[in-house]
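Engineer: One structure coming up, written as structure tokens, with questions to follow.
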Amino acid sequence: MSENVSRLGQIIVVCAPSGTGKSTLISKLREEFPNFGFSVSYTTRKPRGDEQNGREYHFVSRDTFVAMRSQGEFCEWAEVHGNLYGTATQPVVNMLDQGKDVLFDIDVQGAKQLKKTFYKGTFIFLLPPSKEELIRRLTSRGTDSEESISKRLANAEGEIAEAGFFDYWIINDDLDKAYEELRAVFVAGACKPELRTDVEQIIKKDWGIDG
Ligand code: ADP
Ligand code: 5GP
């Protein structure tokens with residue numbers, strides 16, 4: 001195949017109740033596929049642990065966030081656990097234009113807004129194996145206060161009630177198995193016909209068929 005033949009970027013949206021292991025699984029995916037474009041969200045929440053501005057999030061004040069929102073800079077935004085989170089549209093459009101796959105780590109409200117813009121994306125929902133294990137993970141992570149853990153647990157119920165919205169469900173019990181499933185969904189997503197400009201070029205060139 002010619003070297004300049006490539007496919008279009010795909011949109012992958014991963015949602016999960018906080019503490020399920022979404023960041024852990026997304027880090028593994030980004031490690032294996034370093035060319036992934038990652039949508040770095042804006043948030044009014046304070047940095048946690050060794051989080052760095054511009055890497056995990058753009059950490060901004062509420063005033064800055066509200067100003068960006070009123071200027072129409074976000075393709076989706078939501079209030080989650082008392083903080084504002086949003087995705088800036090322009091960097092996503094730039095990554096897609098470059099043919100990069102773009103990964104979104106956002107909440108269910110944001111995923112629903114995003115589907116209106118990027119309806120051909122792949123929407124994945126991760127679940128913890130049980131409520132008990134979710135509590136254990138939230139507590140053992142050691143990064144959230146008791147109040148924050150209670151908020152996250154209360155939200156989990158509403159998020160799990162929305163599971164039917166998603167294209168794929170993955171239970172994060174055994175980490176390796178969950179990763180294998182996430183990876184499979186990503187790899188299969190890249191084969192969707194609407195992204196395969198490379199296939200279109202081959203069938204046009206060799207068979208004279210317009211895709
Ligand atoms: P999220 O991003 O969904 O809030 P994290 O990735 O921070 O969750 O994971 C929450 C905690 O659970 C972390 O301490 C992480 O190491 C742990 N964890 C993640 N996946 C598993 C798993 N499959 N089994 C056991 N612990 C896990
Ligand atoms: P955390 O504070 O644990 O990093 O994230 C809390 C929740 O906010 C997670 O479910 C995360 O996916 C979600 N989130 C992070 N960035 C965004 C965003 O840009 N938009 C929306 N809607 N949710 C986000």
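Identifiers for the structure tokens are assigned positionally: chains receive A, B, ... in sequence, residues are indexed from 1 per chain, and ligands are indexed from 1 in the order shown.
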Please, which residues have at least one atom within 6 Å of an atom of ligand 1, using only C-alpha atoms and all ligand atoms, listed as a PyMOL selection string?
Structural biologist: chain A and resi 16+18-24+137-138+140-141+172-175
Engineer: Take the residues from that selection and put them in a file with all heavy atoms, as a JSON list (two decimals), in the first residue's frame.
Structural biologist:
[["chain", "number", "residue", "atom", "x", "y", "z"],
["A", 16, "ALA", "N", -17.51, 6.24, 32.62],
["A", 16, "ALA", "CA", -17.59, 5.27, 33.72],
["A", 16, "ALA", "C", -17.87, 6.01, 35.01],
["A", 16, "ALA", "O", -17.44, 7.16, 35.16],
["A", 16, "ALA", "CB", -16.25, 4.54, 33.87],
["A", 18, "SER", "N", -17.05, 7.33, 38.50],
["A", 18, "SER", "CA", -15.73, 7.64, 39.05],
["A", 18, "SER", "C", -15.24, 6.50, 39.94],
["A", 18, "SER", "O", -15.99, 5.98, 40.76],
["A", 18, "SER", "CB", -15.86, 8.94, 39.86],
["A", 18, "SER", "OG", -14.61, 9.27, 40.40],
["A", 19, "GLY", "N", -13.98, 6.12, 39.77],
["A", 19, "GLY", "CA", -13.38, 5.05, 40.58],
["A", 19, "GLY", "C", -13.40, 3.69, 39.89],
["A", 19, "GLY", "O", -12.79, 2.73, 40.36],
["A", 20, "THR", "N", -14.06, 3.60, 38.72],
["A", 20, "THR", "CA", -14.17, 2.31, 38.02],
["A", 20, "THR", "C", -12.82, 1.85, 37.48],
["A", 20, "THR", "O", -12.54, 0.65, 37.41],
["A", 20, "THR", "CB", -15.18, 2.43, 36.83],
["A", 20, "THR", "OG1", -16.44, 2.81, 37.36],
["A", 20, "THR", "CG2", -15.31, 1.14, 36.08],
["A", 21, "GLY", "N", -11.98, 2.81, 37.09],
["A", 21, "GLY", "CA", -10.68, 2.44, 36.50],
["A", 21, "GLY", "C", -10.52, 3.02, 35.10],
["A", 21, "GLY", "O", -9.65, 2.59, 34.35],
["A", 22, "LYS", "N", -11.32, 4.01, 34.79],
["A", 22, "LYS", "CA", -11.27, 4.62, 33.45],
["A", 22, "LYS", "C", -9.89, 5.22, 33.16],
["A", 22, "LYS", "O", -9.32, 4.95, 32.11],
["A", 22, "LYS", "CB", -12.37, 5.68, 33.37],
["A", 22, "LYS", "CG", -12.46, 6.37, 32.04],
["A", 22, "LYS", "CD", -13.72, 7.20, 31.92],
["A", 22, "LYS", "CE", -13.84, 8.23, 33.03],
["A", 22, "LYS", "NZ", -14.87, 9.23, 32.73],
["A", 23, "SER", "N", -9.34, 6.01, 34.10],
["A", 23, "SER", "CA", -8.03, 6.63, 33.84],
["A", 23, "SER", "C", -6.97, 5.55, 33.66],
["A", 23, "SER", "O", -6.08, 5.68, 32.79],
["A", 23, "SER", "CB", -7.60, 7.53, 35.00],
["A", 23, "SER", "OG", -8.61, 8.38, 35.36],
["A", 24, "THR", "N", -7.05, 4.49, 34.47],
["A", 24, "THR", "CA", -6.07, 3.40, 34.39],
["A", 24, "THR", "C", -6.12, 2.76, 32.99],
["A", 24, "THR", "O", -5.08, 2.57, 32.34],
["A", 24, "THR", "CB", -6.39, 2.32, 35.46],
["A", 24, "THR", "OG1", -6.50, 2.96, 36.72],
["A", 24, "THR", "CG2", -5.35, 1.23, 35.50],
["A", 137, "ARG", "N", -12.31, 0.79, 45.57],
["A", 137, "ARG", "CA", -11.36, 1.48, 44.68],
["A", 137, "ARG", "C", -11.32, 2.98, 44.97],
["A", 137, "ARG", "O", -10.25, 3.58, 44.98],
["A", 137, "ARG", "CB", -11.75, 1.24, 43.20],
["A", 137, "ARG", "CG", -11.40, -0.17, 42.77],
["A", 137, "ARG", "CD", -11.69, -0.40, 41.31],
["A", 137, "ARG", "NE", -11.69, -1.84, 41.04],
["A", 137, "ARG", "CZ", -12.06, -2.41, 39.92],
["A", 137, "ARG", "NH1", -12.44, -1.67, 38.90],
["A", 137, "ARG", "NH2", -12.02, -3.72, 39.78],
["A", 138, "LEU", "N", -12.49, 3.56, 45.19],
["A", 138, "LEU", "CA", -12.53, 5.01, 45.48],
["A", 138, "LEU", "C", -11.77, 5.31, 46.75],
["A", 138, "LEU", "O", -11.05, 6.30, 46.85],
["A", 138, "LEU", "CB", -13.98, 5.48, 45.62],
["A", 138, "LEU", "CG", -14.74, 5.78, 44.33],
["A", 138, "LEU", "CD1", -16.22, 5.99, 44.60],
["A", 138, "LEU", "CD2", -14.16, 7.01, 43.64],
["A", 140, "SER", "N", -9.40, 3.29, 48.24],
["A", 140, "SER", "CA", -7.97, 2.92, 48.22],
["A", 140, "SER", "C", -7.15, 3.84, 47.32],
["A", 140, "SER", "O", -5.95, 3.95, 47.49],
["A", 140, "SER", "CB", -7.80, 1.46, 47.80],
["A", 140, "SER", "OG", -8.13, 1.34, 46.44],
["A", 141, "ARG", "N", -7.82, 4.53, 46.37],
["A", 141, "ARG", "CA", -7.08, 5.48, 45.52],
["A", 141, "ARG", "C", -6.45, 6.58, 46.37],
["A", 141, "ARG", "O", -5.38, 7.09, 46.05],
["A", 141, "ARG", "CB", -8.03, 6.08, 44.48],
["A", 141, "ARG", "CG", -7.38, 6.99, 43.49],
["A", 141, "ARG", "CD", -8.26, 7.26, 42.29],
["A", 141, "ARG", "NE", -9.45, 8.04, 42.61],
["A", 141, "ARG", "CZ", -10.37, 8.41, 41.72],
["A", 141, "ARG", "NH1", -10.24, 8.05, 40.46],
["A", 141, "ARG", "NH2", -11.42, 9.12, 42.08],
["A", 172, "ASN", "N", -14.91, -3.67, 34.23],
["A", 172, "ASN", "CA", -13.50, -3.65, 34.67],
["A", 172, "ASN", "C", -13.36, -4.41, 35.98],
["A", 172, "ASN", "O", -13.32, -3.83, 37.05],
["A", 172, "ASN", "CB", -13.00, -2.21, 34.83],
["A", 172, "ASN", "CG", -11.53, -2.18, 35.24],
["A", 172, "ASN", "OD1", -10.80, -3.15, 35.03],
["A", 172, "ASN", "ND2", -11.11, -1.07, 35.83],
["A", 173, "ASP", "N", -13.28, -5.75, 35.82],
["A", 173, "ASP", "CA", -13.03, -6.61, 36.99],
["A", 173, "ASP", "C", -11.55, -6.97, 36.93],
["A", 173, "ASP", "O", -10.72, -6.35, 37.59],
["A", 173, "ASP", "CB", -13.96, -7.83, 36.92],
["A", 173, "ASP", "CG", -13.89, -8.67, 38.18],
["A", 173, "ASP", "OD1", -13.10, -8.32, 39.08],
["A", 173, "ASP", "OD2", -14.62, -9.67, 38.27],
["A", 174, "ASP", "N", -11.21, -7.92, 36.05],
["A", 174, "ASP", "CA", -9.80, -8.21, 35.81],
["A", 174, "ASP", "C", -9.29, -7.14, 34.82],
["A", 174, "ASP", "O", -9.84, -7.00, 33.72],
["A", 174, "ASP", "CB", -9.67, -9.62, 35.22],
["A", 174, "ASP", "CG", -8.23, -9.91, 34.85],
["A", 174, "ASP", "OD1", -7.42, -10.11, 35.75],
["A", 174, "ASP", "OD2", -7.91, -9.88, 33.63],
["A", 175, "LEU", "N", -8.25, -6.40, 35.24],
["A", 175, "LEU", "CA", -7.77, -5.27, 34.44],
["A", 175, "LEU", "C", -7.33, -5.70, 33.03],
["A", 175, "LEU", "O", -7.65, -5.03, 32.05],
["A", 175, "LEU", "CB", -6.63, -4.56, 35.18],
["A", 175, "LEU", "CG", -6.12, -3.29, 34.53],
["A", 175, "LEU", "CD1", -7.18, -2.19, 34.52],
["A", 175, "LEU", "CD2", -4.87, -2.77, 35.26]]
Engineer: Give the residue list for ligand 2 at 8 Å, counting only C-alpha atoms and all ligand atoms, as a PDB file with C-alpha atoms, in the first residue's frame, sorted by chain and then by residue number.
Structural biologist:
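Resulting contents of selection_11.pdb:
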ATOM      1  CA  VAL A  14     -15.143   6.414  27.362  1.00  0.00           C
ATOM      2  CA  CYS A  15     -17.475   6.929  30.315  1.00  0.00           C
ATOM      3  CA  ALA A  16     -17.585   5.268  33.718  1.00  0.00           C
ATOM      4  CA  PRO A  17     -18.649   5.986  37.272  1.00  0.00           C
ATOM      5  CA  SER A  18     -15.734   7.645  39.048  1.00  0.00           C
ATOM      6  CA  GLY A  19     -13.381   5.047  40.578  1.00  0.00           C
ATOM      7  CA  LYS A  22     -11.270   4.618  33.451  1.00  0.00           C
ATOM      8  CA  SER A  39      -8.896  15.732  24.337  1.00  0.00           C
ATOM      9  CA  VAL A  40      -7.541  17.601  27.376  1.00  0.00           C
ATOM     10  CA  SER A  41     -10.605  19.045  29.112  1.00  0.00           C
ATOM     11  CA  TYR A  42     -10.992  22.320  30.951  1.00  0.00           C
ATOM     12  CA  THR A  43     -12.068  22.077  34.569  1.00  0.00           C
ATOM     13  CA  ARG A  45     -11.602  21.409  39.914  1.00  0.00           C
ATOM     14  CA  TYR A  57      -6.627  18.940  32.446  1.00  0.00           C
ATOM     15  CA  GLU A  76     -19.876  19.957  25.405  1.00  0.00           C
ATOM     16  CA  TRP A  77     -19.711  20.814  29.072  1.00  0.00           C
ATOM     17  CA  ALA A  78     -21.183  19.560  32.342  1.00  0.00           C
ATOM     18  CA  GLU A  79     -21.177  20.091  36.068  1.00  0.00           C
ATOM     19  CA  VAL A  80     -19.828  16.918  37.680  1.00  0.00           C
ATOM     20  CA  HIS A  81     -19.415  16.398  41.435  1.00  0.00           C
ATOM     21  CA  ASN A  83     -17.110  21.202  39.386  1.00  0.00           C
ATOM     22  CA  LEU A  84     -17.401  22.375  35.793  1.00  0.00           C
ATOM     23  CA  TYR A  85     -15.784  20.359  32.990  1.00  0.00           C
ATOM     24  CA  GLY A  86     -15.745  21.089  29.265  1.00  0.00           C
ATOM     25  CA  THR A  87     -14.196  20.111  25.928  1.00  0.00           C
ATOM     26  CA  ALA A  88     -12.845  22.867  23.694  1.00  0.00           C
ATOM     27  CA  PHE A 104     -12.538  11.545  25.241  1.00  0.00           C
ATOM     28  CA  ASP A 105     -12.653  10.899  28.972  1.00  0.00           C
ATOM     29  CA  ILE A 106     -15.923  12.647  29.841  1.00  0.00           C
ATOM     30  CA  ASP A 107     -19.083  12.049  31.858  1.00  0.00           C
ATOM     31  CA  VAL A 108     -22.407  10.705  30.589  1.00  0.00           C
ATOM     32  CA  GLN A 109     -24.039  14.155  30.213  1.00  0.00           C
ATOM     33  CA  GLY A 110     -21.098  15.251  28.043  1.00  0.00           C
ATOM     34  CA  ALA A 111     -21.194  12.033  25.988  1.00  0.00           C
TER      35      ALA A 111
END
Engineer: I'd like the interatomic distance between atom CA of A:Gly82 and atom CA of A:Met68, to a tenth of an Å.
Structural biologist: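 Atom-to-atom, atom CA of A:Gly82 to atom CA of A:Met68, that is 18.3 Å.
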Engineer: Please compute the atom CA of A:Gln71-atom CA of A:His58 distance, one decimal, in Å.
Structural biologist: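 Interatomic distance, atom CA of A:Gln71 to atom CA of A:His58: 17.1 Å.
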Engineer: Between A:Ser145, A:Gly49, A:Phe74, A:Pro34, which is the closest to A:Leu114 once you count only C-alpha atoms?
Structural biologist: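 Residue with the minimum atom-to-atom distance to A:Leu114: A:Phe74.
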Engineer: As an exercise, work out the distance from atom CA of A:Phe33 to atom CA of A:Ser130 in Å and give it to one decimal place.
Structural biologist: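 Atom CA of A:Ser130 lies at a distance of 29.5 Å from atom CA of A:Phe33.
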Engineer: Under the rule that only C-alpha atoms are counted, which of A:Thr143, A:Thr197, A:Gln10, A:Asn155 is the nearest residue to A:Asp50?
Structural biologist: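 Residue with the minimum atom-to-atom distance to A:Asp50: A:Thr143.
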Engineer: Give me, as a PyMOL selection string, the residues of stretch 31-203 of chain A that a backbone DSSP run labels helix (DSSP H, G or I).
Structural biologist: chain A and resi 31-32+62-70+89-97+108-117+131-141+146-160+163-165+175-189+193-195+197-203
Engineer: List the neighbours of A:Tyr119 out to 12 Å using only C-alpha atoms; skip same-chain residues closer than 5 positions along the sequence, and give me the result as a PyMOL selection string.
Structural biologist: chain A and resi 10-13+111-114+166-167+194
Engineer: Store the residues picked out above in a file with C-alpha atoms, as an mmCIF file, in the first residue's frame.
Structural biologist:
data_model
loop_
_atom_site.group_PDB
_atom_site.id
_atom_site.type_symbol
_atom_site.label_atom_id
_atom_site.label_comp_id
_atom_site.auth_asym_id
_atom_site.auth_seq_id
_atom_site.Cartn_x
_atom_site.Cartn_y
_atom_site.Cartn_z
ATOM 1 C CA GLN A 10 -12.074 8.031 14.900
ATOM 2 C CA ILE A 11 -13.787 9.431 17.967
ATOM 3 C CA ILE A 12 -13.719 7.197 21.049
ATOM 4 C CA VAL A 13 -15.695 8.284 24.090
ATOM 5 C CA ALA A 111 -21.194 12.033 25.988
ATOM 6 C CA LYS A 112 -24.833 12.662 25.133
ATOM 7 C CA GLN A 113 -24.061 16.217 23.950
ATOM 8 C CA LEU A 114 -21.066 14.984 21.960
ATOM 9 C CA PHE A 166 -23.695 3.376 24.913
ATOM 10 C CA ASP A 167 -22.519 1.197 21.999
ATOM 11 C CA GLU A 194 -16.828 5.855 6.878
#
Engineer: So which one's closest to A:Tyr168, A:Val187, A:Leu126, A:Gln98, A:Asp144? Using only C-alpha atoms, please.
Structural biologist: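 Among A:Val187, A:Leu126, A:Gln98, A:Asp144, it is A:Leu126 that comes nearest to A:Tyr168.
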Engineer: Would you mind telling me which residue in A:Ala190, A:Ala161, A:Met95, A:Val185 lies nearest to A:Asn35 when using only C-alpha atoms?
Structural biologist: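 Looking at the shortest contact to A:Asn35, the residue is A:Met95.
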Engineer: Pick the closest to A:Glu180 from A:Glu146, A:Asp198, A:Asp206, A:Glu32: which is it, counting only C-alpha atoms?
Structural biologist: A:Glu32
Engineer: Could you check which of A:Leu182, A:Val93, A:Leu127, A:Val66 is closest to A:Ser27, using only C-alpha atoms?
Structural biologist: A:Leu182
Engineer: If you run DSSP on this backbone, which residues of chain A come out as strand (DSSP E or B), and could you give them as a PyMOL selection string?
Structural biologist: chain A and resi 11-15+37-38+41-43+53+57-59+74-80+83-88+102-105+122-127+168-171
Engineer: Write to file, as a PDB file, in the first residue's frame, the residues of the selection just made, with C-alpha atoms.
Structural biologist:
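result-v4.pdb, freshly written:
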ATOM      1  CA  ILE A  11     -13.787   9.431  17.967  1.00  0.00           C
ATOM      2  CA  ILE A  12     -13.719   7.197  21.049  1.00  0.00           C
ATOM      3  CA  VAL A  13     -15.695   8.284  24.090  1.00  0.00           C
ATOM      4  CA  VAL A  14     -15.143   6.414  27.362  1.00  0.00           C
ATOM      5  CA  CYS A  15     -17.475   6.929  30.315  1.00  0.00           C
ATOM      6  CA  GLY A  37      -5.026  12.463  20.122  1.00  0.00           C
ATOM      7  CA  PHE A  38      -6.354  13.058  23.622  1.00  0.00           C
ATOM      8  CA  SER A  41     -10.605  19.045  29.112  1.00  0.00           C
ATOM      9  CA  TYR A  42     -10.992  22.320  30.951  1.00  0.00           C
ATOM     10  CA  THR A  43     -12.068  22.077  34.569  1.00  0.00           C
ATOM     11  CA  ASN A  53      -1.848  21.706  34.082  1.00  0.00           C
ATOM     12  CA  TYR A  57      -6.627  18.940  32.446  1.00  0.00           C
ATOM     13  CA  HIS A  58      -6.441  22.647  31.814  1.00  0.00           C
ATOM     14  CA  PHE A  59      -7.170  23.866  35.345  1.00  0.00           C
ATOM     15  CA  PHE A  74     -16.959  24.165  24.171  1.00  0.00           C
ATOM     16  CA  CYS A  75     -18.578  21.401  22.119  1.00  0.00           C
ATOM     17  CA  GLU A  76     -19.876  19.957  25.405  1.00  0.00           C
ATOM     18  CA  TRP A  77     -19.711  20.814  29.072  1.00  0.00           C
ATOM     19  CA  ALA A  78     -21.183  19.560  32.342  1.00  0.00           C
ATOM     20  CA  GLU A  79     -21.177  20.091  36.068  1.00  0.00           C
ATOM     21  CA  VAL A  80     -19.828  16.918  37.680  1.00  0.00           C
ATOM     22  CA  ASN A  83     -17.110  21.202  39.386  1.00  0.00           C
ATOM     23  CA  LEU A  84     -17.401  22.375  35.793  1.00  0.00           C
ATOM     24  CA  TYR A  85     -15.784  20.359  32.990  1.00  0.00           C
ATOM     25  CA  GLY A  86     -15.745  21.089  29.265  1.00  0.00           C
ATOM     26  CA  THR A  87     -14.196  20.111  25.928  1.00  0.00           C
ATOM     27  CA  ALA A  88     -12.845  22.867  23.694  1.00  0.00           C
ATOM     28  CA  VAL A 102      -9.347  11.279  19.431  1.00  0.00           C
ATOM     29  CA  LEU A 103     -10.106   9.863  22.852  1.00  0.00           C
ATOM     30  CA  PHE A 104     -12.538  11.545  25.241  1.00  0.00           C
ATOM     31  CA  ASP A 105     -12.653  10.899  28.972  1.00  0.00           C
ATOM     32  CA  THR A 122     -17.804   4.981  19.384  1.00  0.00           C
ATOM     33  CA  PHE A 123     -19.344   5.353  22.837  1.00  0.00           C
ATOM     34  CA  ILE A 124     -18.062   2.954  25.512  1.00  0.00           C
ATOM     35  CA  PHE A 125     -19.321   2.489  29.066  1.00  0.00           C
ATOM     36  CA  LEU A 126     -17.122   0.893  31.739  1.00  0.00           C
ATOM     37  CA  LEU A 127     -18.691  -0.677  34.810  1.00  0.00           C
ATOM     38  CA  TYR A 168     -20.320  -1.071  24.155  1.00  0.00           C
ATOM     39  CA  TRP A 169     -20.246  -2.209  27.802  1.00  0.00           C
ATOM     40  CA  ILE A 170     -17.028  -3.360  29.462  1.00  0.00           C
ATOM     41  CA  ILE A 171     -16.799  -4.631  33.052  1.00  0.00           C
TER      42      ILE A 171
END
Engineer: For A:Glu200, please output as JSON, numbers by chain all residues within 12 Å (counting only C-alpha atoms; exclusion window: fewer than 2 positions along the same chain).
Structural biologist: {"A": [5, 6, 7, 8, 192, 193, 194, 195, 196, 197, 198, 202, 203, 204, 205, 206, 207, 208, 209, 210, 211]}
